[in-house]
Each structure stands twice: as C-alpha cells, then as structure tokens.
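K.L.:
Structure in structure tokens, see below.
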Amino acid sequence: QERCQERNGPALLRRLNDQSTTRSHQLEPIFGILLFKRHLHRYLCGRSTQSIAWFNRFPKGLWKSMGAAGSIAPGAVPDDIQALFDLTERQKAKVADIDSAMLDAEMGKMFKGHNKVIDELCSRSKMQLKSLVEKHPNVAKHLEALNSSGNPYAKFILDSSVPKADFDMECIKAAGDYDEELLVAIIGTSGTKELRRLNELYTQQFSFGIADLCATKNKADAGFAKFVQRIFRFDRDESKEVDYDEAERLLEIIHKAGAARLLGVDEDAIIDVLATASRVQCMAINELYQKRHKMKLERALNMKFKGTFSKLLILWTTPLPGAIVNCAGFLMQKIIPDKNAIMRFFARFDKDLLKLADAACREMHQKSLAEHMSSALSGN
C-alpha cells in the first residue's frame, strides 16, 4: 500500500488490489501477464503517443522485462513505462520478502504450519518462486530442512522454483544413462521452444543432442527414435487455430499411409504429419478420422505402434492440459507408483497450466486432478 503513494502507480495498484479478496493474494495479480497487459493498456490511455507507440511496437520486450531476472537498458523505454516496470519489480521483491519472513517465522515454531507454507508458496508462479529462492538463500535451506524431516512437499516447492527446461535437464542427468519413459514424459508435455532450450542445455553438457541419444539407444529403423528425430527439427506448427481443410488433407495422408494396418505401413509419412501438426490440428484430425472410420485415430495407430512410441504419439497429439493428465495416468499405471517421480513430474509445470490440466481431468475422468492422483499421493 505504501507504493500507492508513488507517481504513475496509484490508480493501477488500486485497480489490481480491488480485484483481490484475501491479503495473501493482494499483490499477486500484477504477476498475471494477461491481467497486467490489460491494466497497462488502461494505464496508457492519455499517455504520450511515444509511450503508446513503444508499447505497441515492442510487446516482446515488455514481457521479457517482467522476468525474475529481467532488466531494461537505460533509455530503451519512455519514462512513464519505465516507472511502471520499476514499480512491478519492487512489488515482486515485496512479495518475496513477505514469503521469506513467513517461512522464517514458521521454522521458528515447534509445531510448524505446514498447510500455511503450502497455501502461500504453492500460490506463486515459477517466476516468483525462482526470484524468492535466488534473493533469499534461507528459503532453500528451510525447504531442504523440511524435506529432510519427512515433508516431501518442501522438495516439490523447491523443484517448482526451477525453470522447466533446466529442471528437465536435471531429471535427465539424475536418471543416468538412458531413461526412455522419462524422455516420453518430457517430450510429450513440452512445446517446441522448451524442447529447443532443453536440447541446447543437453548439447552443452554432452556434445550431442537428445535425438542423437535416442538414435544410439534404438535400432536404426525404430519408430520411437525416428519420431524423436523428427520432433527435434523444431518445426512444429504451434498455432491455436484449426484449419479443417488442412485436417482433411492430413487425414488422407495418414489413411493412405496405412493407419489401422499391421503391414504395409508408411511410418515416415505418418510421423511427418503428426510430428509437425499442432496439438489442436491433431485433435481435429482425430475428430474427422473418428467420424469417417468409426474408430479413434489413437486406436488405429496402436495397431502398429506399441510401447513408448505409442505413449509419445498420444501425448504429442493431445492438447497440453490433456497430455499432462494422460502422462500422469501412465505414471499411475505402474504396479507400485513412484511418488517422487509423480511429484517431480508436476513440479515441471507452472500453476496456471496445472489449473487447465485440472479442468481437463474433470472433463476426462469426472474428478479433479488431486482426486485422480490420490491413490499414489497422500498427506501434505
């Protein structure tokens, strides 16, 4: 509230705070990029034409500057927008200070408020948790101490502070030589930009890429290796729009290539279509295939493609929230589900995406994501 007295900020902060009903989340809306963008548009009303022109011309610079470690070159933006950036950074730092003080207070108690720690820190985005851990070293120490004393939720929160590609890299290294199931989970629930970044990290570490790793661990004609190699050309259509005429064309290619056949299948043609079509386009193809052939495309492909290849096909061609639910289901199918593996899986995603996964789970299984995973997870 003290920041409301600063120039260029009072009206904006009042609008942001008015939209919250609880104290712990009063400052949180400023981290929602879409909400921030909407309010910034309002803020710019009546501002200089220079400010509005800058905002409209360089939106990517705006969002990058909102990162936990973001910085803006002096003079790169108009003064009034610079003031708003500075205000945002101070508010993020204030939230980190509040969270750190809360954790310090709980660690000083004999009977710690685990639910309070969970409620507060699990409401934060990955960006905010990363900032919290980097700026307050005591936070990581406290969470590690909680984990060591039998509270694995603390390790989950600590893992959640690591950017997705970096965390995926840590998981691959921890798995040892080659874990194909892990690669299926990572690749199948990632976007092209995330995979490109992961491949850069992997190549820096081992001097060869993830596709090369899969090729050396599989036969030359193995479908799984070929699919991964095709994915790692990084040319997938990531648009959110569906083109049904294009879906019809791609459906014909898949059908002529031998979907639903055991012999005479042109794997390369099917792989090329499914590796490059967007997730929503793949859903449109599946919808049309089901109408025309009275069979889900997934079932047709499973006649030929088995094992990890089949799992990766399912995940890669499903909208991301549904892919997360499906992958969680694969982890649950084991005779003894690995609780730590499940927690590491969910720590990869930001909370906003997990909200979408929860909605997808309710549609797919008529239960929440927490209820769906309850047989493998217990307690805090």
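We name chains A, B, ... following the order of the structure tokens; residues begin at 1 in each chain, and ligands are numbered from 1 as shown.
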Please identify all polymer residues within 12 Å of Cys361 in chain A, counting only C-alpha atoms, omitting same-chain residues fewer than 3 positions from it, and present them as a list in words.
P.N.:
Leu320, Pro321, Gly322, Ala323, Ile324, Val325, Asn326, Cys327, Ala328, Gly329, Leu354, Lys355, Leu356, Ala357, Asp358, Met364, His365, Gln366, Lys367, Ser368, Leu369, Ala370, Glu371, His372 and Met373 of chain A
K.L.:
Let's have the selection written as a CSV table (one decimal), in the first residue's frame, with N, CA and C atoms.
P.N.:
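Written file, out27.csv:
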chain,number,residue,atom,x,y,z
A,320,LEU,N,-2.1,-29.8,-24.5
A,320,LEU,CA,-1.2,-29.9,-23.4
A,320,LEU,C,-1.8,-30.2,-22.1
A,321,PRO,N,-2.9,-29.6,-21.7
A,321,PRO,CA,-3.5,-30.0,-20.4
A,321,PRO,C,-3.9,-31.4,-20.4
A,322,GLY,N,-4.5,-31.9,-21.5
A,322,GLY,CA,-4.9,-33.3,-21.5
A,322,GLY,C,-3.7,-34.2,-21.6
A,323,ALA,N,-2.6,-33.8,-22.2
A,323,ALA,CA,-1.4,-34.6,-22.2
A,323,ALA,C,-0.8,-34.7,-20.8
A,324,ILE,N,-0.9,-33.7,-20.0
A,324,ILE,CA,-0.4,-33.8,-18.6
A,324,ILE,C,-1.2,-34.8,-17.9
A,325,VAL,N,-2.5,-34.8,-18.1
A,325,VAL,CA,-3.4,-35.8,-17.4
A,325,VAL,C,-3.1,-37.2,-17.9
A,326,ASN,N,-2.9,-37.4,-19.2
A,326,ASN,CA,-2.6,-38.7,-19.7
A,326,ASN,C,-1.2,-39.2,-19.2
A,327,CYS,N,-0.2,-38.3,-19.2
A,327,CYS,CA,1.1,-38.7,-18.7
A,327,CYS,C,1.0,-39.1,-17.2
A,328,ALA,N,0.3,-38.3,-16.4
A,328,ALA,CA,0.1,-38.7,-15.0
A,328,ALA,C,-0.5,-40.1,-14.9
A,329,GLY,N,-1.5,-40.4,-15.8
A,329,GLY,CA,-2.1,-41.7,-15.8
A,329,GLY,C,-1.1,-42.8,-16.1
A,354,LEU,N,-1.3,-26.1,-14.6
A,354,LEU,CA,-1.9,-27.1,-13.9
A,354,LEU,C,-3.4,-26.9,-13.6
A,355,LYS,N,-3.8,-25.6,-13.5
A,355,LYS,CA,-5.3,-25.4,-13.4
A,355,LYS,C,-6.0,-25.8,-14.7
A,356,LEU,N,-5.4,-25.6,-15.8
A,356,LEU,CA,-6.0,-26.1,-17.1
A,356,LEU,C,-6.0,-27.7,-17.1
A,357,ALA,N,-5.0,-28.3,-16.6
A,357,ALA,CA,-4.9,-29.7,-16.5
A,357,ALA,C,-6.0,-30.3,-15.6
A,358,ASP,N,-6.2,-29.5,-14.5
A,358,ASP,CA,-7.3,-29.9,-13.6
A,358,ASP,C,-8.6,-29.9,-14.2
A,364,MET,N,-12.3,-35.4,-18.5
A,364,MET,CA,-11.9,-36.7,-19.0
A,364,MET,C,-12.3,-37.8,-18.0
A,365,HIS,N,-12.2,-37.5,-16.7
A,365,HIS,CA,-12.4,-38.6,-15.6
A,365,HIS,C,-13.5,-38.2,-14.6
A,366,GLN,N,-14.1,-37.1,-14.8
A,366,GLN,CA,-15.1,-36.6,-13.9
A,366,GLN,C,-14.6,-36.5,-12.4
A,367,LYS,N,-13.4,-36.1,-12.3
A,367,LYS,CA,-12.8,-35.9,-11.0
A,367,LYS,C,-11.7,-34.9,-11.1
A,368,SER,N,-11.3,-34.3,-10.0
A,368,SER,CA,-10.2,-33.3,-10.0
A,368,SER,C,-8.9,-34.0,-10.2
A,369,LEU,N,-7.9,-33.3,-10.6
A,369,LEU,CA,-6.6,-33.9,-10.8
A,369,LEU,C,-6.1,-34.4,-9.4
A,370,ALA,N,-6.3,-33.7,-8.3
A,370,ALA,CA,-5.9,-34.2,-7.0
A,370,ALA,C,-6.6,-35.5,-6.7
A,371,GLU,N,-7.9,-35.6,-6.9
A,371,GLU,CA,-8.6,-36.9,-6.7
A,371,GLU,C,-8.1,-38.0,-7.6
A,372,HIS,N,-7.8,-37.6,-8.8
A,372,HIS,CA,-7.3,-38.6,-9.8
A,372,HIS,C,-5.9,-39.2,-9.3
A,373,MET,N,-5.1,-38.4,-8.6
A,373,MET,CA,-3.8,-38.9,-8.2
A,373,MET,C,-3.8,-39.3,-6.7
K.L.:
Please list as a PDB file with N, CA, C and O atoms, in the first residue's frame every residue within 10 Å of Phe232 in chain A, counting only C-alpha atoms and excluding residues in the same chain fewer than 2 positions away.
P.N.:
ATOM      1  N   ILE A 187       9.212 -34.969 -23.439  1.00  0.00           N
ATOM      2  CA  ILE A 187       8.948 -34.533 -24.812  1.00  0.00           C
ATOM      3  C   ILE A 187       7.447 -34.374 -25.050  1.00  0.00           C
ATOM      4  O   ILE A 187       6.992 -33.398 -25.650  1.00  0.00           O
ATOM      5  N   THR A 192       7.656 -26.579 -28.496  1.00  0.00           N
ATOM      6  CA  THR A 192       8.855 -26.533 -29.320  1.00  0.00           C
ATOM      7  C   THR A 192       9.950 -25.674 -28.694  1.00  0.00           C
ATOM      8  O   THR A 192      11.124 -26.069 -28.670  1.00  0.00           O
ATOM      9  N   LEU A 195      11.588 -27.535 -25.830  1.00  0.00           N
ATOM     10  CA  LEU A 195      12.451 -28.623 -26.296  1.00  0.00           C
ATOM     11  C   LEU A 195      13.737 -28.079 -26.913  1.00  0.00           C
ATOM     12  O   LEU A 195      14.803 -28.670 -26.750  1.00  0.00           O
ATOM     13  N   ARG A 196      13.629 -26.967 -27.620  1.00  0.00           N
ATOM     14  CA  ARG A 196      14.827 -26.366 -28.204  1.00  0.00           C
ATOM     15  C   ARG A 196      15.801 -25.950 -27.096  1.00  0.00           C
ATOM     16  O   ARG A 196      17.002 -26.202 -27.179  1.00  0.00           O
ATOM     17  N   ASN A 199      17.317 -29.060 -25.497  1.00  0.00           N
ATOM     18  CA  ASN A 199      18.332 -29.659 -26.370  1.00  0.00           C
ATOM     19  C   ASN A 199      19.633 -28.857 -26.344  1.00  0.00           C
ATOM     20  O   ASN A 199      20.732 -29.427 -26.406  1.00  0.00           O
ATOM     21  N   GLY A 209      23.011 -34.127 -29.232  1.00  0.00           N
ATOM     22  CA  GLY A 209      21.644 -33.806 -28.876  1.00  0.00           C
ATOM     23  C   GLY A 209      20.838 -34.986 -28.373  1.00  0.00           C
ATOM     24  O   GLY A 209      21.286 -36.138 -28.405  1.00  0.00           O
ATOM     25  N   ILE A 210      19.608 -34.699 -27.915  1.00  0.00           N
ATOM     26  CA  ILE A 210      18.729 -35.743 -27.390  1.00  0.00           C
ATOM     27  C   ILE A 210      18.304 -36.706 -28.494  1.00  0.00           C
ATOM     28  O   ILE A 210      18.196 -37.915 -28.265  1.00  0.00           O
ATOM     29  N   ALA A 211      18.076 -36.203 -29.695  1.00  0.00           N
ATOM     30  CA  ALA A 211      17.719 -37.081 -30.816  1.00  0.00           C
ATOM     31  C   ALA A 211      18.854 -38.054 -31.109  1.00  0.00           C
ATOM     32  O   ALA A 211      18.613 -39.231 -31.418  1.00  0.00           O
ATOM     33  N   ASP A 212      20.092 -37.583 -31.007  1.00  0.00           N
ATOM     34  CA  ASP A 212      21.253 -38.465 -31.211  1.00  0.00           C
ATOM     35  C   ASP A 212      21.301 -39.545 -30.130  1.00  0.00           C
ATOM     36  O   ASP A 212      21.637 -40.703 -30.402  1.00  0.00           O
ATOM     37  N   LYS A 226      12.871 -42.484 -34.700  1.00  0.00           N
ATOM     38  CA  LYS A 226      12.558 -41.657 -35.869  1.00  0.00           C
ATOM     39  C   LYS A 226      11.594 -40.525 -35.508  1.00  0.00           C
ATOM     40  O   LYS A 226      11.732 -39.400 -36.007  1.00  0.00           O
ATOM     41  N   PHE A 227      10.634 -40.821 -34.644  1.00  0.00           N
ATOM     42  CA  PHE A 227       9.682 -39.796 -34.235  1.00  0.00           C
ATOM     43  C   PHE A 227      10.383 -38.693 -33.438  1.00  0.00           C
ATOM     44  O   PHE A 227      10.153 -37.505 -33.658  1.00  0.00           O
ATOM     45  N   VAL A 228      11.275 -39.085 -32.530  1.00  0.00           N
ATOM     46  CA  VAL A 228      12.019 -38.093 -31.741  1.00  0.00           C
ATOM     47  C   VAL A 228      12.903 -37.251 -32.655  1.00  0.00           C
ATOM     48  O   VAL A 228      12.973 -36.018 -32.512  1.00  0.00           O
ATOM     49  N   GLN A 229      13.574 -37.890 -33.598  1.00  0.00           N
ATOM     50  CA  GLN A 229      14.422 -37.136 -34.525  1.00  0.00           C
ATOM     51  C   GLN A 229      13.597 -36.130 -35.323  1.00  0.00           C
ATOM     52  O   GLN A 229      14.054 -34.998 -35.562  1.00  0.00           O
ATOM     53  N   ARG A 230      12.382 -36.531 -35.718  1.00  0.00           N
ATOM     54  CA  ARG A 230      11.535 -35.605 -36.483  1.00  0.00           C
ATOM     55  C   ARG A 230      11.056 -34.445 -35.603  1.00  0.00           C
ATOM     56  O   ARG A 230      11.034 -33.292 -36.037  1.00  0.00           O
ATOM     57  N   PHE A 234      12.330 -29.157 -34.706  1.00  0.00           N
ATOM     58  CA  PHE A 234      11.738 -27.936 -34.135  1.00  0.00           C
ATOM     59  C   PHE A 234      10.934 -27.127 -35.145  1.00  0.00           C
ATOM     60  O   PHE A 234      11.004 -25.898 -35.159  1.00  0.00           O
ATOM     61  N   ASP A 235      10.153 -27.803 -35.983  1.00  0.00           N
ATOM     62  CA  ASP A 235       9.353 -27.067 -36.973  1.00  0.00           C
ATOM     63  C   ASP A 235       7.857 -27.349 -36.818  1.00  0.00           C
ATOM     64  O   ASP A 235       7.092 -27.270 -37.772  1.00  0.00           O
ATOM     65  N   ARG A 236       7.446 -27.686 -35.597  1.00  0.00           N
ATOM     66  CA  ARG A 236       6.026 -27.936 -35.359  1.00  0.00           C
ATOM     67  C   ARG A 236       5.226 -26.640 -35.450  1.00  0.00           C
ATOM     68  O   ARG A 236       5.676 -25.578 -35.025  1.00  0.00           O
ATOM     69  N   ALA A 275       4.224 -35.241 -36.243  1.00  0.00           N
ATOM     70  CA  ALA A 275       5.292 -34.512 -35.560  1.00  0.00           C
ATOM     71  C   ALA A 275       5.215 -33.017 -35.813  1.00  0.00           C
ATOM     72  O   ALA A 275       5.708 -32.224 -35.007  1.00  0.00           O
TER      73      ALA A 275
END
K.L.:
For Leu331 in chain A, which residue out of A:Ser160, A:Gln281, A:Ser375, A:Ser310 is the nearest one, using only C-alpha atoms?
P.N.:
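Checking each candidate against Leu331 in chain A, we get A:Ser375 as the closest.
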K.L.:
With a distance cut-off of 9 Å and only C-alpha atoms, select the neighbouring residues of Arg197 in chain A, excluding the residue or stretch itself and same-chain residues fewer than 4 positions from it, and output the selection as a ChimeraX atom specification.
P.N.:
/A:165-166,192-193,201-202
K.L.:
Keeping only all heavy atoms, write those residues as a PDB file, in the first residue's frame.
P.N.:
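Output contents, as saved in part_18.pdb:
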ATOM      1  N   ALA A 165      12.800 -26.137 -18.541  1.00  0.00           N
ATOM      2  CA  ALA A 165      13.864 -26.778 -19.325  1.00  0.00           C
ATOM      3  C   ALA A 165      15.051 -27.148 -18.428  1.00  0.00           C
ATOM      4  O   ALA A 165      15.639 -28.227 -18.578  1.00  0.00           O
ATOM      5  CB  ALA A 165      14.318 -25.861 -20.451  1.00  0.00           C
ATOM      6  N   ASP A 166      15.390 -26.280 -17.490  1.00  0.00           N
ATOM      7  CA  ASP A 166      16.501 -26.574 -16.580  1.00  0.00           C
ATOM      8  C   ASP A 166      16.170 -27.757 -15.685  1.00  0.00           C
ATOM      9  O   ASP A 166      17.027 -28.598 -15.401  1.00  0.00           O
ATOM     10  CB  ASP A 166      16.806 -25.341 -15.726  1.00  0.00           C
ATOM     11  CG  ASP A 166      17.253 -24.156 -16.563  1.00  0.00           C
ATOM     12  OD1 ASP A 166      16.379 -23.440 -17.092  1.00  0.00           O
ATOM     13  OD2 ASP A 166      18.466 -23.951 -16.708  1.00  0.00           O
ATOM     14  N   THR A 192       7.656 -26.579 -28.496  1.00  0.00           N
ATOM     15  CA  THR A 192       8.855 -26.533 -29.320  1.00  0.00           C
ATOM     16  C   THR A 192       9.950 -25.674 -28.694  1.00  0.00           C
ATOM     17  O   THR A 192      11.124 -26.069 -28.670  1.00  0.00           O
ATOM     18  CB  THR A 192       8.515 -25.994 -30.722  1.00  0.00           C
ATOM     19  OG1 THR A 192       7.561 -26.872 -31.339  1.00  0.00           O
ATOM     20  CG2 THR A 192       9.748 -25.925 -31.600  1.00  0.00           C
ATOM     21  N   LYS A 193       9.597 -24.504 -28.163  1.00  0.00           N
ATOM     22  CA  LYS A 193      10.594 -23.629 -27.562  1.00  0.00           C
ATOM     23  C   LYS A 193      11.258 -24.289 -26.358  1.00  0.00           C
ATOM     24  O   LYS A 193      12.470 -24.177 -26.162  1.00  0.00           O
ATOM     25  CB  LYS A 193       9.955 -22.303 -27.145  1.00  0.00           C
ATOM     26  CG  LYS A 193       9.569 -21.410 -28.303  1.00  0.00           C
ATOM     27  CD  LYS A 193       9.005 -20.089 -27.807  1.00  0.00           C
ATOM     28  CE  LYS A 193       8.626 -19.178 -28.967  1.00  0.00           C
ATOM     29  NZ  LYS A 193       8.047 -17.888 -28.497  1.00  0.00           N
ATOM     30  N   LEU A 201      20.747 -27.151 -23.730  1.00  0.00           N
ATOM     31  CA  LEU A 201      21.385 -27.487 -22.448  1.00  0.00           C
ATOM     32  C   LEU A 201      22.046 -28.869 -22.520  1.00  0.00           C
ATOM     33  O   LEU A 201      23.161 -29.061 -22.028  1.00  0.00           O
ATOM     34  CB  LEU A 201      20.344 -27.469 -21.326  1.00  0.00           C
ATOM     35  CG  LEU A 201      19.728 -26.109 -20.985  1.00  0.00           C
ATOM     36  CD1 LEU A 201      18.592 -26.275 -19.991  1.00  0.00           C
ATOM     37  CD2 LEU A 201      20.789 -25.162 -20.423  1.00  0.00           C
ATOM     38  N   TYR A 202      21.342 -29.821 -23.134  1.00  0.00           N
ATOM     39  CA  TYR A 202      21.876 -31.182 -23.235  1.00  0.00           C
ATOM     40  C   TYR A 202      23.122 -31.216 -24.115  1.00  0.00           C
ATOM     41  O   TYR A 202      24.127 -31.873 -23.784  1.00  0.00           O
ATOM     42  CB  TYR A 202      20.807 -32.116 -23.796  1.00  0.00           C
ATOM     43  CG  TYR A 202      21.163 -33.581 -23.678  1.00  0.00           C
ATOM     44  CD1 TYR A 202      20.804 -34.310 -22.555  1.00  0.00           C
ATOM     45  CD2 TYR A 202      21.873 -34.234 -24.682  1.00  0.00           C
ATOM     46  CE1 TYR A 202      21.141 -35.653 -22.429  1.00  0.00           C
ATOM     47  CE2 TYR A 202      22.212 -35.571 -24.576  1.00  0.00           C
ATOM     48  CZ  TYR A 202      21.848 -36.274 -23.439  1.00  0.00           C
ATOM     49  OH  TYR A 202      22.202 -37.597 -23.322  1.00  0.00           O
TER      50      TYR A 202
END
